[in-house]
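Listing of input-v9.cif; format and content: mmCIF, C-alpha atoms.
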data_coords
#
loop_
_atom_site.label_atom_id
_atom_site.label_comp_id
_atom_site.auth_asym_id
_atom_site.auth_seq_id
_atom_site.Cartn_x
_atom_site.Cartn_y
_atom_site.Cartn_z
CA MET A 1 23.93 43.96 -11.12
CA ALA A 2 23.86 45.34 -14.69
CA ASP A 3 21.22 47.93 -15.55
CA HIS A 4 18.37 46.35 -17.49
CA TYR A 5 18.22 49.23 -19.95
CA GLU A 6 21.94 48.91 -20.63
CA VAL A 7 21.60 45.15 -21.09
CA LEU A 8 18.96 45.67 -23.79
CA GLY A 9 20.75 48.72 -25.22
CA VAL A 10 17.76 51.09 -24.96
CA GLU A 11 17.10 54.43 -23.32
CA ARG A 12 15.18 54.64 -20.06
CA THR A 13 12.44 56.43 -21.99
CA ALA A 14 12.11 53.57 -24.52
CA THR A 15 8.60 52.51 -25.47
CA PRO A 16 7.36 48.91 -24.93
CA GLU A 17 7.67 48.36 -28.71
CA GLU A 18 11.30 49.52 -28.69
CA ILE A 19 12.08 47.26 -25.75
CA LYS A 20 10.49 44.25 -27.46
CA LYS A 21 12.36 44.97 -30.71
CA ALA A 22 15.71 45.22 -28.87
CA TYR A 23 15.06 41.97 -27.01
CA ARG A 24 14.18 40.04 -30.16
CA LYS A 25 17.33 41.23 -31.89
CA LEU A 26 19.59 40.24 -28.98
CA ALA A 27 17.77 36.93 -28.43
CA ARG A 28 18.40 35.91 -32.04
CA GLU A 29 22.10 36.73 -31.63
CA LEU A 30 22.65 35.11 -28.22
CA HIS A 31 20.38 32.06 -28.18
CA PRO A 32 22.47 28.94 -27.33
CA ASP A 33 21.10 27.12 -30.37
CA VAL A 34 22.55 29.84 -32.62
CA ASN A 35 25.57 31.12 -30.69
CA PRO A 36 27.78 28.37 -29.19
CA SER A 37 30.22 30.75 -27.49
CA PRO A 38 30.74 30.09 -23.75
CA ASP A 39 29.41 33.48 -22.57
CA ALA A 40 26.43 33.60 -24.93
CA SER A 41 24.27 31.51 -22.60
CA GLU A 42 24.86 33.81 -19.61
CA LYS A 43 24.22 36.93 -21.71
CA PHE A 44 21.04 35.37 -23.05
CA LYS A 45 19.80 34.83 -19.51
CA LEU A 46 20.57 38.44 -18.57
CA VAL A 47 18.76 39.73 -21.65
CA THR A 48 15.74 37.53 -20.97
CA HIS A 49 15.54 38.60 -17.32
CA ALA A 50 15.87 42.27 -18.28
CA TYR A 51 13.05 41.92 -20.79
CA ASP A 52 10.83 40.08 -18.26
CA VAL A 53 11.16 43.05 -15.91
CA LEU A 54 10.86 45.91 -18.39
CA SER A 55 8.03 44.34 -20.41
CA ASP A 56 5.77 44.36 -17.34
CA ALA A 57 4.47 47.88 -16.72
CA GLU A 58 4.16 47.49 -12.94
CA GLU A 59 7.55 45.81 -12.48
CA ARG A 60 9.19 48.39 -14.74
CA GLN A 61 7.72 51.19 -12.63
CA GLN A 62 9.06 49.61 -9.44
CA TYR A 63 12.46 49.12 -11.07
CA ASP A 64 12.57 52.76 -12.15
CA LEU A 65 11.62 53.95 -8.67
CA GLY A 66 14.45 51.97 -7.06
CA PRO A 67 14.64 50.66 -3.46
CA GLN A 68 14.39 54.13 -1.89
CA ALA A 69 11.07 54.99 -3.50
CA GLY A 70 8.85 56.75 -1.03
CA SER A 71 11.61 57.01 1.58
CA ASN A 72 10.82 60.71 2.14
CA PHE A 73 7.24 59.98 3.09
CA GLY A 74 6.45 61.24 6.54
CA ALA A 75 9.39 63.67 6.66
CA GLY A 76 7.07 66.40 7.80
CA PHE A 77 5.50 64.22 10.48
CA GLY A 78 8.58 63.62 12.64
CA ASN A 79 8.70 60.05 14.00
CA PHE A 80 5.34 59.11 12.51
CA GLY A 81 6.50 55.53 11.93
CA ASP A 82 7.40 55.11 15.60
CA ILE A 83 3.99 56.47 16.66
CA PHE A 84 2.22 54.13 14.21
CA GLU A 85 4.14 51.15 15.57
CA THR A 86 3.38 52.12 19.16
CA PHE A 87 -0.38 52.30 18.65
CA PHE A 88 -0.95 49.62 16.04
CA GLY A 89 1.86 47.15 16.69
CA GLY A 90 3.02 47.25 13.05
CA GLY A 91 5.99 48.74 11.31
CA GLY A 92 4.15 51.55 9.49
CA GLY A 93 5.24 50.00 6.21
CA ARG A 94 8.54 48.72 7.55
CA THR A 95 9.63 45.20 6.75
CA SER A 96 11.66 42.64 8.58
CA GLY A 97 13.72 41.79 5.51
CA PRO A 98 13.54 38.92 3.03
CA ARG A 99 12.33 35.56 4.19
CA SER A 100 14.57 32.54 4.15
CA ARG A 101 14.19 29.80 1.58
CA ARG A 102 15.07 27.27 4.27
CA GLU A 103 11.98 25.95 6.01
CA ARG A 104 11.36 23.08 8.39
CA GLY A 105 10.21 19.90 6.72
CA GLN A 106 6.82 18.37 7.44
CA ASP A 107 6.28 15.65 10.00
CA ALA A 108 5.56 12.16 8.70
CA LEU A 109 3.32 9.38 10.06
CA LEU A 110 4.08 5.74 9.37
CA ARG A 111 2.15 2.70 10.60
CA VAL A 112 4.25 -0.25 11.74
CA GLU A 113 2.94 -3.75 12.43
CA VAL A 114 4.65 -5.90 15.06
CA ASP A 115 3.98 -9.42 16.33
CA LEU A 116 2.79 -10.10 19.85
CA ASP A 117 6.00 -11.93 20.76
CA GLU A 118 8.02 -8.84 19.70
CA VAL A 119 6.03 -6.73 22.13
CA ILE A 120 7.08 -8.79 25.17
CA PHE A 121 10.70 -7.65 25.19
CA GLY A 122 10.74 -5.03 22.42
CA THR A 123 12.49 -5.29 19.07
CA LYS A 124 14.77 -3.48 16.66
CA ARG A 125 14.22 -3.22 12.94
CA ASP A 126 14.95 -1.05 9.92
CA ILE A 127 11.95 0.83 8.55
CA GLU A 128 12.05 1.93 4.90
CA VAL A 129 10.38 5.27 4.23
CA ASN A 130 9.91 7.20 1.00
CA THR A 131 10.30 10.85 1.86
CA ALA A 132 12.05 14.11 0.95
CA VAL A 133 15.83 14.03 1.40
CA LEU A 134 18.59 16.54 0.74
CA CYS A 135 19.36 16.95 -2.95
CA PRO A 136 22.65 15.16 -3.62
CA THR A 137 23.53 17.50 -6.52
CA CYS A 138 23.12 20.96 -4.97
CA ASP A 139 23.25 19.92 -1.29
CA GLY A 140 20.21 22.07 -0.55
CA SER A 141 21.42 25.28 -2.23
CA CYS A 142 18.74 24.98 -4.96
CA CYS A 143 21.32 26.20 -7.51
CA GLN A 144 23.14 24.34 -10.21
CA PRO A 145 26.67 23.57 -8.93
CA GLY A 146 29.01 26.48 -9.54
CA THR A 147 26.23 29.09 -9.50
CA ASN A 148 24.61 31.20 -6.80
CA PRO A 149 21.37 33.12 -6.23
CA THR A 150 21.34 36.71 -7.47
CA THR A 151 19.78 39.78 -5.88
CA CYS A 152 16.27 40.47 -7.11
CA ASP A 153 16.17 43.50 -9.42
CA ILE A 154 12.63 44.43 -8.45
CA CYS A 155 12.89 44.59 -4.65
CA HIS A 156 16.69 44.96 -4.63
CA GLY A 157 17.08 42.23 -2.05
CA THR A 158 14.48 43.45 0.45
CA GLY A 159 11.89 40.83 -0.46
CA GLN A 160 9.19 43.51 -0.25
CA ILE A 161 7.55 45.95 -2.64
CA GLN A 162 6.39 49.30 -1.32
CA ARG A 163 3.34 50.99 -2.81
CA ALA A 164 1.66 54.31 -2.06
CA VAL A 165 -1.96 53.93 -0.98
CA ARG A 166 -4.30 56.84 -0.45
CA SER A 167 -5.92 57.08 2.98
CA LEU A 168 -7.44 59.61 5.31
CA LEU A 169 -3.93 60.51 6.37
CA GLY A 170 -2.78 61.02 2.79
CA ASN A 171 -0.52 58.71 0.85
CA VAL A 172 0.59 55.80 3.04
CA MET A 173 3.34 53.40 1.98
CA THR A 174 2.37 49.73 2.29
CA SER A 175 4.56 46.68 1.82
CA SER A 176 3.81 43.34 0.22
CA PRO A 177 6.00 40.37 -0.78
CA CYS A 178 7.80 40.86 -4.06
CA GLY A 179 6.06 38.95 -6.83
CA THR A 180 9.30 38.31 -8.71
CA CYS A 181 11.33 36.67 -5.93
CA ARG A 182 8.29 35.71 -3.77
CA GLY A 183 9.73 37.56 -0.81
CA TYR A 184 13.12 35.84 -0.78
CA GLY A 185 15.09 38.88 -1.95
CA THR A 186 17.01 36.71 -4.42
CA VAL A 187 16.25 34.80 -7.58
CA ILE A 188 17.84 31.60 -8.83
CA PRO A 189 18.81 32.05 -12.49
CA ASN A 190 20.26 28.54 -12.72
CA PRO A 191 18.13 26.15 -10.65
CA CYS A 192 19.48 22.69 -9.92
CA VAL A 193 18.32 20.30 -12.62
CA THR A 194 18.08 17.39 -10.17
CA CYS A 195 15.66 18.95 -7.69
CA ALA A 196 14.24 21.71 -9.95
CA GLY A 197 15.47 24.35 -7.51
CA GLN A 198 13.78 22.85 -4.44
CA GLY A 199 16.94 21.71 -2.64
CA ARG A 200 15.39 18.31 -1.93
CA VAL A 201 14.27 15.18 -3.77
CA ARG A 202 12.16 12.16 -2.89
CA ALA A 203 14.00 8.97 -2.14
CA ALA A 204 13.70 5.79 -0.09
CA ARG A 205 15.86 5.47 2.99
CA ALA A 206 16.14 2.95 5.82
CA ILE A 207 15.74 4.19 9.39
CA PRO A 208 16.75 2.02 12.36
CA VAL A 209 13.89 1.86 14.85
CA ASP A 210 13.99 0.70 18.47
CA ILE A 211 10.46 -0.44 19.36
CA PRO A 212 10.22 -0.58 23.16
CA ALA A 213 8.71 -3.46 25.07
CA GLY A 214 5.09 -3.09 26.11
CA VAL A 215 3.79 -1.04 23.17
CA ASP A 216 0.22 -1.67 22.14
CA THR A 217 -1.97 -0.90 19.15
CA GLY A 218 -2.45 2.86 18.81
CA VAL A 219 0.76 3.86 20.59
CA ARG A 220 2.74 6.50 18.68
CA LEU A 221 6.49 6.73 18.87
CA GLN A 222 8.16 10.04 18.02
CA MET A 223 11.50 10.08 16.23
CA PRO A 224 12.82 13.67 16.19
CA ALA A 225 14.36 14.98 12.96
CA GLN A 226 13.60 11.76 11.06
CA GLY A 227 10.81 13.23 8.92
CA GLU A 228 11.23 14.89 5.54
CA VAL A 229 13.92 17.50 4.97
CA GLY A 230 12.67 21.05 4.50
CA PRO A 231 12.83 23.17 1.33
CA ALA A 232 16.30 24.48 0.48
CA GLY A 233 17.85 21.99 2.89
CA GLY A 234 15.82 23.16 5.89
CA PRO A 235 15.76 21.10 9.10
CA ASN A 236 13.96 17.76 9.09
CA GLY A 237 10.52 17.33 10.56
CA ASP A 238 9.74 14.49 12.96
CA LEU A 239 8.70 10.95 12.16
CA PHE A 240 5.83 9.39 14.10
CA LEU A 241 5.39 5.61 14.15
CA GLU A 242 1.89 4.34 14.95
CA ILE A 243 2.05 0.78 16.27
CA LYS A 244 -0.35 -2.01 15.34
CA VAL A 245 0.07 -5.37 17.09
CA ARG A 246 -0.90 -8.27 14.85
CA HIS A 247 -3.54 -10.75 15.97
CA HIS A 248 -2.16 -13.97 17.44
CA GLU A 249 -3.99 -17.26 16.98
CA THR A 250 -3.35 -18.52 20.53
CA PHE A 251 -2.56 -15.60 22.82
CA SER A 252 -4.44 -12.38 23.37
CA ARG A 253 -3.63 -9.38 25.51
CA ASN A 254 -5.33 -7.61 28.37
CA GLY A 255 -3.16 -4.70 29.47
CA ASP A 256 0.15 -6.26 30.50
CA ASP A 257 -1.36 -9.73 30.92
CA LEU A 258 -1.43 -12.47 28.30
CA LEU A 259 -4.50 -14.70 28.00
CA ALA A 260 -4.86 -18.20 26.56
CA THR A 261 -7.02 -21.30 26.90
CA VAL A 262 -5.86 -24.91 27.43
CA GLU A 263 -8.02 -27.88 26.55
CA VAL A 264 -7.72 -30.88 28.92
CA ARG A 265 -9.29 -34.33 28.81
CA MET A 266 -11.99 -35.12 31.29
CA THR A 267 -9.79 -37.78 32.95
CA ASP A 268 -6.94 -35.28 33.34
CA ALA A 269 -9.30 -32.79 34.92
CA ILE A 270 -10.49 -35.47 37.35
CA LEU A 271 -7.12 -36.96 38.23
CA GLY A 272 -4.92 -33.93 37.66
CA THR A 273 -1.88 -33.71 35.35
CA LYS A 274 1.16 -31.67 34.47
CA ALA A 275 1.83 -30.30 30.99
CA THR A 276 4.54 -28.40 29.16
CA LEU A 277 3.21 -25.99 26.53
CA LYS A 278 4.88 -23.71 24.03
CA GLY A 279 4.67 -20.03 25.00
CA LEU A 280 5.67 -16.82 23.23
CA ASP A 281 8.95 -16.62 25.14
CA GLY A 282 9.71 -20.27 25.81
CA ASP A 283 8.08 -23.37 27.29
CA ILE A 284 5.30 -23.09 29.85
CA SER A 285 4.85 -25.66 32.63
CA ILE A 286 1.34 -25.83 34.11
CA ASP A 287 -0.13 -27.96 36.87
CA ILE A 288 -3.73 -29.10 36.39
CA LYS A 289 -4.97 -29.97 39.87
CA PRO A 290 -7.34 -32.90 40.46
CA GLY A 291 -10.95 -31.85 40.18
CA THR A 292 -10.25 -28.89 37.88
CA GLN A 293 -13.44 -27.45 36.38
CA SER A 294 -14.01 -25.68 33.05
CA ALA A 295 -13.36 -21.92 33.35
CA ASP A 296 -10.80 -22.41 36.14
CA VAL A 297 -7.76 -20.16 35.58
CA VAL A 298 -4.11 -21.09 36.00
CA THR A 299 -1.92 -18.01 36.55
CA LEU A 300 1.79 -17.90 35.77
CA LYS A 301 3.38 -14.85 37.37
CA GLU A 302 5.74 -12.59 35.33
CA ARG A 303 5.09 -14.41 32.03
CA GLY A 304 3.08 -11.63 30.43
CA VAL A 305 4.14 -8.46 28.59
CA THR A 306 6.91 -6.21 29.86
CA ARG A 307 5.41 -3.01 31.21
CA LEU A 308 5.90 -0.01 28.91
CA ARG A 309 8.54 2.40 30.23
CA SER A 310 8.61 0.50 33.52
CA THR A 311 9.98 -2.66 35.08
CA GLY A 312 8.49 -6.10 35.57
CA ARG A 313 6.02 -8.06 33.50
CA GLY A 314 2.35 -8.89 33.63
CA ASP A 315 1.01 -12.41 34.18
CA LEU A 316 0.05 -15.22 31.85
CA LYS A 317 -3.48 -16.40 32.61
CA ILE A 318 -4.58 -19.73 31.16
CA GLY A 319 -8.24 -20.69 31.24
CA VAL A 320 -9.12 -24.39 31.41
CA GLN A 321 -11.65 -26.00 29.12
CA VAL A 322 -12.55 -29.59 30.05
CA LEU A 323 -13.34 -31.72 27.01
CA THR A 324 -16.14 -34.25 27.38
CA PRO A 325 -15.86 -37.23 25.00
CA THR A 326 -18.76 -37.56 22.56
CA LYS A 327 -18.06 -41.06 21.22
CA LEU A 328 -17.20 -44.04 23.44
CA ASN A 329 -16.58 -47.61 22.46
CA GLY A 330 -18.08 -50.54 24.34
CA LYS A 331 -15.26 -50.92 26.84
CA GLU A 332 -15.19 -47.19 27.56
CA GLN A 333 -18.93 -47.16 28.17
CA GLU A 334 -18.61 -50.05 30.63
CA LEU A 335 -15.85 -48.23 32.50
CA MET A 336 -17.91 -45.04 32.68
CA LYS A 337 -20.90 -46.98 33.99
CA GLU A 338 -18.74 -48.54 36.71
CA PHE A 339 -17.46 -45.10 37.59
CA ALA A 340 -21.00 -43.77 37.77
CA GLN A 341 -22.05 -46.59 40.10
CA VAL A 342 -19.15 -45.88 42.44
CA HIS A 343 -19.39 -42.09 42.26
CA LYS A 344 -23.06 -41.39 42.62
CA GLY A 345 -23.81 -37.71 42.67
CA ALA A 346 -27.02 -35.77 42.82
CA ALA A 347 -29.57 -36.45 40.14
CA PRO A 348 -30.11 -33.77 37.48
CA HIS A 349 -31.97 -30.75 38.89
CA LEU A 350 -32.56 -27.11 38.08
CA THR A 351 -30.23 -24.44 39.48
CA GLN A 352 -29.60 -20.75 38.82
CA PHE A 353 -28.65 -19.89 35.21
CA GLN A 354 -24.90 -20.22 34.60
CA GLN A 355 -22.90 -18.10 32.14
CA GLY A 356 -21.19 -19.78 29.22
CA LEU A 357 -17.59 -20.91 29.37
CA PHE A 358 -16.13 -17.97 27.48
CA THR A 359 -18.15 -15.43 29.43
CA LYS A 360 -17.01 -16.97 32.69
CA LEU A 361 -13.43 -17.08 31.43
CA ARG A 362 -13.59 -13.43 30.50
CA ASP A 363 -14.88 -12.47 33.92
CA ARG A 364 -12.30 -14.58 35.68
CA PHE A 365 -9.49 -13.29 33.48
CA LEU A 366 -10.38 -9.72 34.35
CA ASN A 367 -10.98 -10.29 38.05
CA PHE A 368 -8.73 -13.19 38.94
#
Please render this file's structure as structure tokens.
Amino acid sequence: MADHYEVLGVERTATPEEIKKAYRKLARELHPDVNPSPDASEKFKLVTHAYDVLSDAEERQQYDLGPQAGSNFGAGFGNFGDIFETFFGGGGGRTSGPRSRRERGQDALLRVEVDLDEVIFGTKRDIEVNTAVLCPTCDGSCCQPGTNPTTCDICHGTGQIQRAVRSLLGNVMTSSPCGTCRGYGTVIPNPCVTCAGQGRVRAARAIPVDIPAGVDTGVRLQMPAQGEVGPAGGPNGDLFLEIKVRHHETFSRNGDDLLATVEVRMTDAILGTKATLKGLDGDISIDIKPGTQSADVVTLKERGVTRLRSTGRGDLKIGVQVLTPTKLNGKEQELMKEFAQVHKGAAPHLTQFQQGLFTKLRDRFLNF
């Protein structure tokens, strides 16, 4: 790495005014708008970086001290650093080196709606997500193609700046992340123009998802490494899918069981009948026995929802609602009167209060 003073053409004892004057002169000569030569752009960047360092009093002081500044501290104390680490668990000013630009990406949460019939056996679909993906231009390097990061001139690649702090023990060297490279130990003079030096961009991508049978609203599915890519091409986070099962007009769910109601005519309830109905997974054949009452439940084994992460299915429970005709013509009234004469039951009388149809159905569904 070229010496900043040599780049600007000034002595190490140059004043801030002399440094600024030298920079302005070189900038006018090397600026790409004025000098079209191939190497002018690179020299201009070197001059600008040198001026950024030397024009800041604190950064210039650190640059002049070099990476070994303060390395003789504690020479008269033997292994003082080892003692400090033993008692306080720290490094006594030591550092673990520069931190990596590559970091793990964040997890993502996406809500997915599925239909009730998809829940019975599970389903596969492609989910489109808009998230961070690897930059196609720099492939996560953060640099413009053909360029590389350079060692930081302030911390000389350590990622840390050491400063002397007065304490009861005298001057103690402390470390803090370098403000120029932010602790990375390197700087990127030519960041990728596509991702602005982040190594990742936002884009839409399709992810194939296998939704297992038996999921219910609120269930979360984890898809490892399908979240957003990390900075500088770091590993992907995870993607979590939160399931919501859409409301169905006919069928509802109770655990692994499916619930529905069938309306039957009064005559069918009296005489009994068979019916074929359309279910979520095919036709349903039910047998209405003679004398069926409202709130009776017909159970079809293994026609419910497949059990999540298990085998077998729940049941389909169908509650019966007997429909009483409200309008009868003359002939129908005569027939009903004849029926009433033949089938004389008890006269109307008070009995214990009965729950409504839907309340009784609910109780029977849950306890049947």
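Minimum atom-to-atom distance to A:Glu59, evaluated using only C-alpha atoms, belongs to A:Cys181 out of A:Ala196, A:Val320, A:Cys181, A:Ala22.
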### Message
Counting all atoms listed in the file, which residue out of A:Val262, A:Leu335, A:Leu134, A:Val47 sits closest to A:Ala295?
### Response
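With all atoms listed in the file as the atom set, the closest residue is A:Val262.
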### Query
atom CA of A:Ala132 to atom CA of A:Asn236: how many Å, to one decimal?
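Interatomic distance here is 9.1 Å.
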### Message
Report as an MDAnalysis selection string all protein, DNA and RNA residues lying within 12 Å of A:Arg24, evaluated on all atoms listed in the file, omitting residues in the same chain fewer than 5 positions from it.
### Response
chainID A and resid 8:9 17:19 29:31 44 47:48 51
### Task
Between atom CA of A:His343 and atom CA of A:Ala269, measure the distance and give it in Å to one decimal.
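It comes out at 15.6 Å.
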### Summary
In terms of all atoms listed in the file, the residue from A:Leu110, A:Gly146, A:Ala50, A:Thr15 at minimal distance from A:Tyr63 is A:Ala50
Box time for stretch 41-49 of chain A: axis-aligned, enclosing all its listed atoms, 6 Å extra on each side; report centre and edge lengths in Å to one decimal, as JSON.
{"center_x": 20.2, "center_y": 35.6, "center_z": -20.2, "size_x": 21.3, "size_y": 20.2, "size_z": 17.7}
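As for atom CA of A:Val112 and atom CA of A:Arg303, they are spaced 24.8 Å apart.
Using only C-alpha atoms, the shortest contact distance between A:Asp117 and any of A:Ser310, A:Thr250, A:Gln341, A:Asn190 is found at A:Thr250.
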### Query
Which residue gives the smallest distance to A:Ser294 among A:Thr147, A:Ser55, A:Thr261, A:Thr306, with only C-alpha atoms counted?
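For A:Ser294, the nearest of the candidates is A:Thr261.
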### Target residues per the PyMOL selection byres ((chain A and resi 133) around 8), formatted as a ChimeraX atom specification
/A:131-132,134-135,200-203,228-229
### Message
As a check of understanding, name the residues that the PyMOL selection byres ((chain A and resi 111) around 9) selects in the supplied structure, as JSON, numbers by chain.
### Response
{"A": [109, 110, 112, 113, 220, 240, 241, 242, 243, 244]}
Now that the selection is made, can you save its residues with C-alpha atoms as an mmCIF file, keeping the file's coordinate frame?
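Output file again-v8.cif follows:
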data_model
loop_
_atom_site.group_PDB
_atom_site.id
_atom_site.type_symbol
_atom_site.label_atom_id
_atom_site.label_comp_id
_atom_site.auth_asym_id
_atom_site.auth_seq_id
_atom_site.Cartn_x
_atom_site.Cartn_y
_atom_site.Cartn_z
ATOM 1 C CA LEU A 109 3.320 9.380 10.060
ATOM 2 C CA LEU A 110 4.080 5.740 9.370
ATOM 3 C CA VAL A 112 4.250 -0.250 11.740
ATOM 4 C CA GLU A 113 2.940 -3.750 12.430
ATOM 5 C CA ARG A 220 2.740 6.500 18.680
ATOM 6 C CA PHE A 240 5.830 9.390 14.100
ATOM 7 C CA LEU A 241 5.390 5.610 14.150
ATOM 8 C CA GLU A 242 1.890 4.340 14.950
ATOM 9 C CA ILE A 243 2.050 0.780 16.270
ATOM 10 C CA LYS A 244 -0.350 -2.010 15.340
#
Set out as JSON lines a contact list for stretch 192-243 of chain A and stretch 99-107 of chain A with a cut-off of 6 Å, giving each residue of stretch 192-243 of chain A that qualifies its closest atom pair and distance in Å to one decimal, counting only C-alpha atoms, ordered by chain and rising residue number.
{"residue": "A:Gly227", "atom": "CA", "partner": "A:Asp107", "partner_atom": "CA", "distance": 5.2}
{"residue": "A:Glu228", "atom": "CA", "partner": "A:Gly105", "partner_atom": "CA", "distance": 5.2}
{"residue": "A:Val229", "atom": "CA", "partner": "A:Gly105", "partner_atom": "CA", "distance": 4.8}
{"residue": "A:Gly230", "atom": "CA", "partner": "A:Gly105", "partner_atom": "CA", "distance": 3.5}
{"residue": "A:Pro231", "atom": "CA", "partner": "A:Glu103", "partner_atom": "CA", "distance": 5.5}
{"residue": "A:Ala232", "atom": "CA", "partner": "A:Arg102", "partner_atom": "CA", "distance": 4.9}
{"residue": "A:Gly234", "atom": "CA", "partner": "A:Arg102", "partner_atom": "CA", "distance": 4.5}
{"residue": "A:Pro235", "atom": "CA", "partner": "A:Arg104", "partner_atom": "CA", "distance": 4.9}
{"residue": "A:Asn236", "atom": "CA", "partner": "A:Gly105", "partner_atom": "CA", "distance": 4.9}
{"residue": "A:Gly237", "atom": "CA", "partner": "A:Asp107", "partner_atom": "CA", "distance": 4.6}
{"residue": "A:Asp238", "atom": "CA", "partner": "A:Asp107", "partner_atom": "CA", "distance": 4.7}
{"residue": "A:Leu239", "atom": "CA", "partner": "A:Asp107", "partner_atom": "CA", "distance": 5.7}
### Query
What residues come out when you apply the PyMOL selection byres ((chain A and resi 189) around 8) to this file, written as a ChimeraX atom specification?
/A:45,149-150,187-188,190-191
Considering all atoms listed in the file, return as a PDB file with C-alpha atoms, in the frame of the given file whatever protein or nucleic-acid residues lie within 9 Å of A:Pro325, sequence-local ones (same chain, fewer than 3 positions apart) excluded.
ATOM      1  CA  ARG A 265      -9.290 -34.330  28.810  1.00  0.00           C
ATOM      2  CA  MET A 266     -11.990 -35.120  31.290  1.00  0.00           C
ATOM      3  CA  LEU A 328     -17.200 -44.040  23.440  1.00  0.00           C
TER       4      LEU A 328
END
### Message
From the options A:Gly199, A:Gly304, A:Pro224, A:Gly122, which residue's atoms come nearest to A:Gly255, counting only C-alpha atoms?
### Response
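Of all the options, A:Gly304 lies closest to A:Gly255.
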### For A:Gly197: contacts at 7 Å, all atoms listed in the file, fewer than 5 positions along chain excluded, given as JSON, numbers by chain
{"A": [142, 143, 191, 192]}
### Task
Identify, on the basis of only C-alpha atoms, every residue whose closest approach to A:Leu277 does not exceed 12 Å; exclude the query and any residue fewer than 3 positions from it along the same chain; express the result as a list in words.
Thr250, Ala260, Thr261, Val262, Glu263, Lys274, Leu280, Asp281, Gly282, Asp283, Ile284, Ser285, Ile286, Asp287 and Ile318 of chain A
### A:Gln162 environment, 7 Å, all atoms listed in the file, sequence neighbours closer than 3 positions dropped, as a count of residues only
4
Can you sort out stretch 286-297 of chain A so it carries N, CA, C and O atoms, written as a short mmCIF file (atom, residue, chain, number, x, y, z; two decimals), in the coordinates of the input?
data_model
loop_
_atom_site.label_atom_id
_atom_site.label_comp_id
_atom_site.auth_asym_id
_atom_site.auth_seq_id
_atom_site.Cartn_x
_atom_site.Cartn_y
_atom_site.Cartn_z
N ILE A 286 2.56 -26.09 33.32
CA ILE A 286 1.34 -25.83 34.11
C ILE A 286 0.97 -27.10 34.88
O ILE A 286 1.28 -28.22 34.47
N ASP A 287 0.29 -26.87 35.98
CA ASP A 287 -0.13 -27.96 36.87
C ASP A 287 -1.65 -27.96 36.94
O ASP A 287 -2.25 -27.02 37.50
N ILE A 288 -2.28 -28.97 36.33
CA ILE A 288 -3.73 -29.10 36.39
C ILE A 288 -4.07 -29.93 37.63
O ILE A 288 -3.75 -31.12 37.70
N LYS A 289 -4.68 -29.29 38.60
CA LYS A 289 -4.97 -29.97 39.87
C LYS A 289 -6.16 -30.92 39.72
O LYS A 289 -7.05 -30.69 38.89
N PRO A 290 -6.20 -31.98 40.51
CA PRO A 290 -7.34 -32.90 40.46
C PRO A 290 -8.65 -32.15 40.74
O PRO A 290 -8.72 -31.29 41.62
N GLY A 291 -9.66 -32.48 39.98
CA GLY A 291 -10.95 -31.85 40.18
C GLY A 291 -11.09 -30.50 39.51
O GLY A 291 -12.03 -29.74 39.80
N THR A 292 -10.17 -30.17 38.59
CA THR A 292 -10.25 -28.89 37.88
C THR A 292 -11.53 -28.82 37.06
O THR A 292 -11.93 -29.80 36.40
N GLN A 293 -12.19 -27.66 37.10
CA GLN A 293 -13.44 -27.45 36.38
C GLN A 293 -13.19 -26.54 35.16
O GLN A 293 -12.22 -25.76 35.12
N SER A 294 -14.07 -26.62 34.17
CA SER A 294 -14.01 -25.68 33.05
C SER A 294 -14.16 -24.26 33.58
O SER A 294 -14.93 -23.99 34.51
N ALA A 295 -13.39 -23.35 33.00
CA ALA A 295 -13.36 -21.92 33.35
C ALA A 295 -12.47 -21.64 34.55
O ALA A 295 -12.35 -20.48 34.96
N ASP A 296 -11.84 -22.69 35.14
CA ASP A 296 -10.80 -22.41 36.14
C ASP A 296 -9.62 -21.73 35.44
O ASP A 296 -9.38 -21.94 34.24
N VAL A 297 -8.88 -20.92 36.16
CA VAL A 297 -7.76 -20.16 35.58
C VAL A 297 -6.47 -20.52 36.29
O VAL A 297 -6.40 -20.52 37.52
#
